[in-house]
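**Student:** Just final_14.cif, nothing more (mmCIF, C-alpha atoms):
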```cif
data_model
#
loop_
_atom_site.group_PDB
_atom_site.id
_atom_site.type_symbol
_atom_site.label_atom_id
_atom_site.label_comp_id
_atom_site.auth_asym_id
_atom_site.auth_seq_id
_atom_site.Cartn_x
_atom_site.Cartn_y
_atom_site.Cartn_z
ATOM 1 C CA MET Z 1 -12.266 16.295 2.919
ATOM 2 C CA ASP Z 2 -14.466 18.186 5.364
ATOM 3 C CA PHE Z 3 -12.938 16.734 8.520
ATOM 4 C CA GLU Z 4 -9.289 15.805 8.414
ATOM 5 C CA GLU Z 5 -7.639 13.639 11.013
ATOM 6 C CA LYS Z 6 -4.293 11.957 11.407
ATOM 7 C CA ILE Z 7 -4.586 8.814 9.351
ATOM 8 C CA VAL Z 8 -2.353 6.455 7.447
ATOM 9 C CA TYR Z 9 -3.684 4.506 4.496
ATOM 10 C CA VAL Z 10 -1.752 1.418 3.509
ATOM 11 C CA ILE Z 11 -2.749 0.400 -0.004
ATOM 12 C CA SER Z 12 -1.321 -3.005 -0.813
ATOM 13 C CA GLY Z 13 -1.754 -5.721 -3.400
ATOM 14 C CA SER Z 14 0.003 -7.129 -6.432
ATOM 15 C CA CYS Z 15 1.012 -5.020 -9.393
ATOM 16 C CA GLY Z 16 -1.814 -4.251 -11.784
ATOM 17 C CA VAL Z 17 -4.528 -3.843 -9.158
ATOM 18 C CA GLY Z 18 -4.436 -0.036 -9.045
ATOM 19 C CA LYS Z 19 -2.291 0.681 -5.965
ATOM 20 C CA SER Z 20 -0.448 3.712 -7.306
ATOM 21 C CA THR Z 21 -3.381 5.287 -9.114
ATOM 22 C CA ILE Z 22 -5.775 4.815 -6.203
ATOM 23 C CA SER Z 23 -3.187 5.917 -3.635
ATOM 24 C CA ARG Z 24 -2.509 9.134 -5.539
ATOM 25 C CA LYS Z 25 -6.272 9.867 -5.782
ATOM 26 C CA ILE Z 26 -6.758 9.277 -2.047
ATOM 27 C CA ALA Z 27 -3.895 11.658 -1.245
ATOM 28 C CA GLU Z 28 -5.447 14.285 -3.519
ATOM 29 C CA LYS Z 29 -8.579 14.289 -1.321
ATOM 30 C CA TYR Z 30 -6.689 15.890 1.582
ATOM 31 C CA SER Z 31 -5.331 19.416 1.811
ATOM 32 C CA LEU Z 32 -2.103 18.139 3.453
ATOM 33 C CA SER Z 33 -1.045 14.704 2.291
ATOM 34 C CA VAL Z 34 1.798 12.605 0.963
ATOM 35 C CA HIS Z 35 1.756 9.595 -1.331
ATOM 36 C CA LEU Z 36 4.649 7.353 -0.324
ATOM 37 C CA ASN Z 37 5.244 5.174 -3.355
ATOM 38 C CA VAL Z 38 7.576 2.816 -1.562
ATOM 39 C CA ASP Z 39 8.827 1.282 -4.812
ATOM 40 C CA TYR Z 40 10.705 4.550 -5.356
ATOM 41 C CA ILE Z 41 12.154 4.406 -1.855
ATOM 42 C CA TYR Z 42 13.237 0.777 -2.338
ATOM 43 C CA GLU Z 43 14.949 1.774 -5.573
ATOM 44 C CA MET Z 44 17.234 4.023 -3.546
ATOM 45 C CA TYR Z 45 19.267 0.882 -2.904
ATOM 46 C CA VAL Z 46 22.101 0.927 -5.448
ATOM 47 C CA GLY Z 47 25.055 -1.095 -4.200
ATOM 48 C CA GLY Z 48 23.748 -4.531 -3.305
ATOM 49 C CA TYR Z 49 20.388 -3.975 -4.970
ATOM 50 C CA VAL Z 50 18.229 -7.080 -5.366
ATOM 51 C CA SER Z 51 14.619 -7.337 -6.468
ATOM 52 C CA PRO Z 52 12.310 -7.022 -3.447
ATOM 53 C CA TRP Z 53 11.067 -10.598 -3.838
ATOM 54 C CA LYS Z 54 14.678 -11.866 -3.708
ATOM 55 C CA ASP Z 55 15.604 -9.892 -0.575
ATOM 56 C CA ASP Z 56 16.804 -11.932 2.385
ATOM 57 C CA GLY Z 57 14.722 -9.643 4.610
ATOM 58 C CA SER Z 58 17.504 -7.241 5.578
ATOM 59 C CA ARG Z 59 16.578 -4.566 3.023
ATOM 60 C CA LEU Z 60 12.877 -4.858 3.850
ATOM 61 C CA LYS Z 61 13.594 -4.486 7.561
ATOM 62 C CA LEU Z 62 15.557 -1.266 6.974
ATOM 63 C CA LEU Z 63 12.980 -0.032 4.457
ATOM 64 C CA LEU Z 64 10.135 -0.516 6.956
ATOM 65 C CA LYS Z 65 12.116 1.270 9.670
ATOM 66 C CA ASN Z 66 12.626 4.255 7.349
ATOM 67 C CA ILE Z 67 8.956 4.268 6.332
ATOM 68 C CA LYS Z 68 7.956 4.278 10.002
ATOM 69 C CA ASP Z 69 10.133 7.331 10.610
ATOM 70 C CA MET Z 70 8.739 9.074 7.538
ATOM 71 C CA ILE Z 71 5.167 8.376 8.680
ATOM 72 C CA LYS Z 72 5.878 9.850 12.102
ATOM 73 C CA ASN Z 73 7.470 12.958 10.613
ATOM 74 C CA TYR Z 74 4.560 13.562 8.240
ATOM 75 C CA ILE Z 75 1.855 12.798 10.816
ATOM 76 C CA ASP Z 76 3.557 15.096 13.343
ATOM 77 C CA SER Z 77 3.331 17.831 10.691
ATOM 78 C CA ASN Z 78 -0.403 17.128 10.186
ATOM 79 C CA TYR Z 79 -0.142 15.316 6.867
ATOM 80 C CA THR Z 80 -2.312 12.386 5.892
ATOM 81 C CA VAL Z 81 -0.065 9.574 4.683
ATOM 82 C CA VAL Z 82 -0.933 7.187 1.871
ATOM 83 C CA ILE Z 83 1.466 4.269 1.492
ATOM 84 C CA ASP Z 84 1.573 2.363 -1.759
ATOM 85 C CA TYR Z 85 3.533 -0.896 -1.531
ATOM 86 C CA VAL Z 86 3.287 -4.648 -1.256
ATOM 87 C CA LEU Z 87 2.772 -5.028 2.483
ATOM 88 C CA PHE Z 88 1.280 -8.008 4.264
ATOM 89 C CA PRO Z 89 -0.532 -7.818 7.621
ATOM 90 C CA GLU Z 90 2.583 -8.996 9.464
ATOM 91 C CA ASP Z 91 4.477 -5.950 8.150
ATOM 92 C CA LEU Z 92 2.096 -3.378 9.608
ATOM 93 C CA ASN Z 93 3.369 -3.368 13.194
ATOM 94 C CA ASN Z 94 6.795 -2.456 11.823
ATOM 95 C CA ILE Z 95 5.626 0.782 10.222
ATOM 96 C CA VAL Z 96 2.932 2.409 12.324
ATOM 97 C CA TYR Z 97 3.029 3.902 15.789
ATOM 98 C CA LYS Z 98 0.351 2.781 18.231
ATOM 99 C CA ASP Z 99 -1.511 6.093 18.378
ATOM 100 C CA ILE Z 100 -2.003 6.440 14.621
ATOM 101 C CA LYS Z 101 -5.260 5.517 12.914
ATOM 102 C CA LEU Z 102 -4.621 3.128 10.038
ATOM 103 C CA LYS Z 103 -6.672 1.820 7.142
ATOM 104 C CA TYR Z 104 -5.254 -1.284 5.495
ATOM 105 C CA VAL Z 105 -6.567 -2.144 2.049
ATOM 106 C CA VAL Z 106 -5.447 -5.058 -0.087
ATOM 107 C CA LEU Z 107 -6.465 -4.431 -3.658
ATOM 108 C CA THR Z 108 -7.028 -7.396 -5.902
ATOM 109 C CA ALA Z 109 -8.330 -8.015 -9.408
ATOM 110 C CA SER Z 110 -8.917 -10.943 -11.697
ATOM 111 C CA GLU Z 111 -5.839 -12.578 -13.184
ATOM 112 C CA GLU Z 112 -6.874 -11.404 -16.651
ATOM 113 C CA THR Z 113 -7.208 -7.828 -15.413
ATOM 114 C CA VAL Z 114 -3.804 -7.913 -13.709
ATOM 115 C CA ILE Z 115 -2.146 -9.252 -16.873
ATOM 116 C CA ARG Z 116 -3.867 -6.645 -19.073
ATOM 117 C CA ARG Z 117 -2.955 -3.781 -16.747
ATOM 118 C CA ASP Z 118 0.621 -5.015 -16.393
ATOM 119 C CA LEU Z 119 1.060 -5.148 -20.168
ATOM 120 C CA SER Z 120 -0.207 -1.565 -20.469
ATOM 121 C CA ARG Z 121 2.731 -0.269 -18.394
ATOM 122 C CA PRO Z 122 5.898 1.182 -19.921
ATOM 123 C CA ALA Z 123 8.165 -1.656 -21.107
ATOM 124 C CA ASP Z 124 10.685 -1.222 -18.273
ATOM 125 C CA GLU Z 125 7.922 -1.538 -15.646
ATOM 126 C CA ILE Z 126 6.227 -4.705 -16.914
ATOM 127 C CA MET Z 127 6.371 -7.429 -14.267
ATOM 128 C CA GLY Z 128 5.233 -10.332 -16.472
ATOM 129 C CA ASN Z 129 4.841 -13.639 -14.633
ATOM 130 C CA ARG Z 130 5.748 -11.961 -11.328
ATOM 131 C CA ALA Z 131 2.441 -10.057 -11.440
ATOM 132 C CA VAL Z 132 0.418 -13.284 -11.356
ATOM 133 C CA GLU Z 133 2.790 -14.894 -8.826
ATOM 134 C CA LEU Z 134 2.272 -11.963 -6.467
ATOM 135 C CA LEU Z 135 -1.496 -12.024 -7.000
ATOM 136 C CA ASN Z 136 -1.464 -15.699 -5.978
ATOM 137 C CA GLU Z 137 0.818 -14.963 -3.020
ATOM 138 C CA PHE Z 138 -1.816 -12.582 -1.644
ATOM 139 C CA LYS Z 139 -4.528 -15.229 -2.137
ATOM 140 C CA GLU Z 140 -2.418 -17.817 -0.291
ATOM 141 C CA LYS Z 141 -1.878 -15.471 2.677
ATOM 142 C CA ASP Z 142 -5.521 -15.916 3.691
ATOM 143 C CA ILE Z 143 -5.840 -12.230 4.547
ATOM 144 C CA ASP Z 144 -8.968 -11.227 6.440
ATOM 145 C CA LYS Z 145 -11.623 -10.622 3.756
ATOM 146 C CA ARG Z 146 -12.648 -7.299 5.292
ATOM 147 C CA PHE Z 147 -9.387 -5.759 4.077
ATOM 148 C CA ILE Z 148 -9.775 -6.927 0.477
ATOM 149 C CA LEU Z 149 -11.200 -4.759 -2.289
ATOM 150 C CA ASP Z 150 -11.569 -6.207 -5.786
ATOM 151 C CA THR Z 151 -10.936 -3.505 -8.383
ATOM 152 C CA THR Z 152 -11.717 -5.654 -11.436
ATOM 153 C CA ASN Z 153 -15.002 -3.871 -12.139
ATOM 154 C CA LEU Z 154 -14.486 -0.661 -10.177
ATOM 155 C CA SER Z 155 -13.545 2.735 -11.505
ATOM 156 C CA VAL Z 156 -10.714 4.496 -9.709
ATOM 157 C CA ASP Z 157 -13.175 7.014 -8.261
ATOM 158 C CA ASP Z 158 -15.456 4.237 -6.978
ATOM 159 C CA ALA Z 159 -12.539 2.433 -5.334
ATOM 160 C CA VAL Z 160 -11.365 5.661 -3.693
ATOM 161 C CA ALA Z 161 -14.866 6.414 -2.395
ATOM 162 C CA ILE Z 162 -15.171 2.951 -0.865
ATOM 163 C CA ILE Z 163 -11.773 3.194 0.824
ATOM 164 C CA LEU Z 164 -12.464 6.646 2.240
ATOM 165 C CA LYS Z 165 -15.932 5.789 3.589
ATOM 166 C CA ASP Z 166 -15.781 2.140 4.616
ATOM 167 C CA SER Z 167 -14.710 1.522 8.215
ATOM 168 C CA ARG Z 168 -14.073 -2.184 7.556
ATOM 169 C CA PHE Z 169 -10.520 -1.275 6.508
ATOM 170 C CA LEU Z 170 -9.678 0.266 9.893
ATOM 171 C CA LEU Z 171 -7.206 -1.668 11.985
ATOM 172 C CA GLN Z 172 -7.716 -1.872 15.699
ATOM 173 C CA LYS Z 173 -5.453 0.405 17.701
ATOM 174 C CA ARG Z 174 -2.128 -1.151 18.594
ATOM 175 C CA LYS Z 175 -0.995 -1.500 22.179
#
```
Could I get this structure in the form of structure tokens?
**Tutor:**
Amino acid sequence: MDFEEKIVYVISGSCGVGKSTISRKIAEKYSLSVHLNVDYIYEMYVGGYVSPWKDDGSRLKLLLKNIKDMIKNYIDSNYTVVIDYVLFPEDLNNIVYKDIKLKYVVLTASEETVIRRDLSRPADEIMGNRAVELLNEFKEKDIDKRFILDTTNLSVDDAVAIILKDSRFLLQKRK
């Protein structure tokens, strides 16, 4: 990127929409960047591990607190941060400091595309019915349409270009 500023990208959506692939490609566009694949951080739970969708909220609360600290540490060291995780709008205030510019993007795709992409994963990563359930959960949240990007017919490079250039994904500064 020609001009680099302190920015956090939050790339959200159900599995099979391209979160990890697109997040990695966005991070690669910056000379100093990190791709926080939060699934890996969540998997640090060993004793008392439960699937994220079965959490009573206590693990998510601690996870978001740790992500917030990681963001601050990376931003303070001039890194662009790209977060890849299932985060809803109500989660955002728990992870970002008020003076940090944030782009929030909810990736989506057709149900058929999500199923096809999910089945192309390694066997131990296939989500099955949960992939469609999560896709529907995002639809039911009635998220502001400006944050939604349908990747059904987009290449990874096209999706990345849209996210980098389009200001519609910017969240207003927090107070």
**Student:** Once you add 5 Å to each side, what are the centre and edge lengths of the axis-aligned box holding all listed atoms of region 29-45 of chain Z? One decimal in Å, as lines of an AutoDock Vina configuration file, if you can.
**Tutor:**
```
center_x = 5.3
center_y = 10.1
center_z = -1.1
size_x = 37.8
size_y = 28.6
size_z = 19.0
```
**Student:** Dump as JSON lines the rows for residues of region 75-126 of chain Z within 8 Å of region 149-171 of chain Z: closest atom pair and distance in Å with one decimal, all atoms listed in the file counted, ordered by chain and rising residue number.
**Tutor:**
```
{"residue": "Z:Lys101", "atom": "CA", "partner": "Z:Leu170", "partner_atom": "CA", "distance": 7.5}
{"residue": "Z:Leu102", "atom": "CA", "partner": "Z:Leu171", "partner_atom": "CA", "distance": 5.8}
{"residue": "Z:Lys103", "atom": "CA", "partner": "Z:Leu170", "partner_atom": "CA", "distance": 4.4}
{"residue": "Z:Tyr104", "atom": "CA", "partner": "Z:Phe169", "partner_atom": "CA", "distance": 5.4}
{"residue": "Z:Val105", "atom": "CA", "partner": "Z:Phe169", "partner_atom": "CA", "distance": 6.0}
{"residue": "Z:Val106", "atom": "CA", "partner": "Z:Leu149", "partner_atom": "CA", "distance": 6.2}
{"residue": "Z:Leu107", "atom": "CA", "partner": "Z:Leu149", "partner_atom": "CA", "distance": 4.9}
{"residue": "Z:Thr108", "atom": "CA", "partner": "Z:Asp150", "partner_atom": "CA", "distance": 4.7}
{"residue": "Z:Ala109", "atom": "CA", "partner": "Z:Thr152", "partner_atom": "CA", "distance": 4.6}
{"residue": "Z:Ser110", "atom": "CA", "partner": "Z:Thr152", "partner_atom": "CA", "distance": 6.0}
{"residue": "Z:Thr113", "atom": "CA", "partner": "Z:Thr152", "partner_atom": "CA", "distance": 6.4}
```
**Student:** Name the closest residue to Leu135 (chain Z) among the candidates Z:Ile115, Z:Ile75, Z:Asp56, Z:Glu28; distances are taken between atoms, counting only C-alpha atoms.
**Tutor:**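 Of the candidates, the smallest distance to Leu135 (chain Z) is held by Z:Ile115.
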**Student:** Which value, in Å to one decimal, gives the distance between CA of Lys139 (chain Z) and CA of Ser14 (chain Z)?
**Tutor:**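 Separation between CA of Lys139 (chain Z) and CA of Ser14 (chain Z): 10.2 Å.
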**Student:** Please evaluate the PyMOL selection byres ((chain Z and resi 53) around 12) against the structure above and give the resulting residues as a short mmCIF file (atom, residue, chain, number, x, y, z; two decimals) with C-alpha atoms, in the coordinates of the input.
**Tutor:**
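Once written, part-v4.cif looks like this:
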```cif
data_model
loop_
_atom_site.label_atom_id
_atom_site.label_comp_id
_atom_site.auth_asym_id
_atom_site.auth_seq_id
_atom_site.Cartn_x
_atom_site.Cartn_y
_atom_site.Cartn_z
CA SER Z 14 0.00 -7.13 -6.43
CA TYR Z 42 13.24 0.78 -2.34
CA TYR Z 49 20.39 -3.98 -4.97
CA VAL Z 50 18.23 -7.08 -5.37
CA SER Z 51 14.62 -7.34 -6.47
CA PRO Z 52 12.31 -7.02 -3.45
CA LYS Z 54 14.68 -11.87 -3.71
CA ASP Z 55 15.60 -9.89 -0.57
CA ASP Z 56 16.80 -11.93 2.38
CA GLY Z 57 14.72 -9.64 4.61
CA SER Z 58 17.50 -7.24 5.58
CA ARG Z 59 16.58 -4.57 3.02
CA LEU Z 60 12.88 -4.86 3.85
CA VAL Z 86 3.29 -4.65 -1.26
CA LEU Z 87 2.77 -5.03 2.48
CA MET Z 127 6.37 -7.43 -14.27
CA ARG Z 130 5.75 -11.96 -11.33
CA ALA Z 131 2.44 -10.06 -11.44
CA GLU Z 133 2.79 -14.89 -8.83
CA LEU Z 134 2.27 -11.96 -6.47
CA GLU Z 137 0.82 -14.96 -3.02
#
```
**Student:** Translate the PyMOL selection byres ((chain Z and resi 72) around 12), as applied to the file shown, into an explicit residue set as an NGL selection string.
**Tutor:** :Z and (6-8 or 65-71 or 73-81 or 95-101)
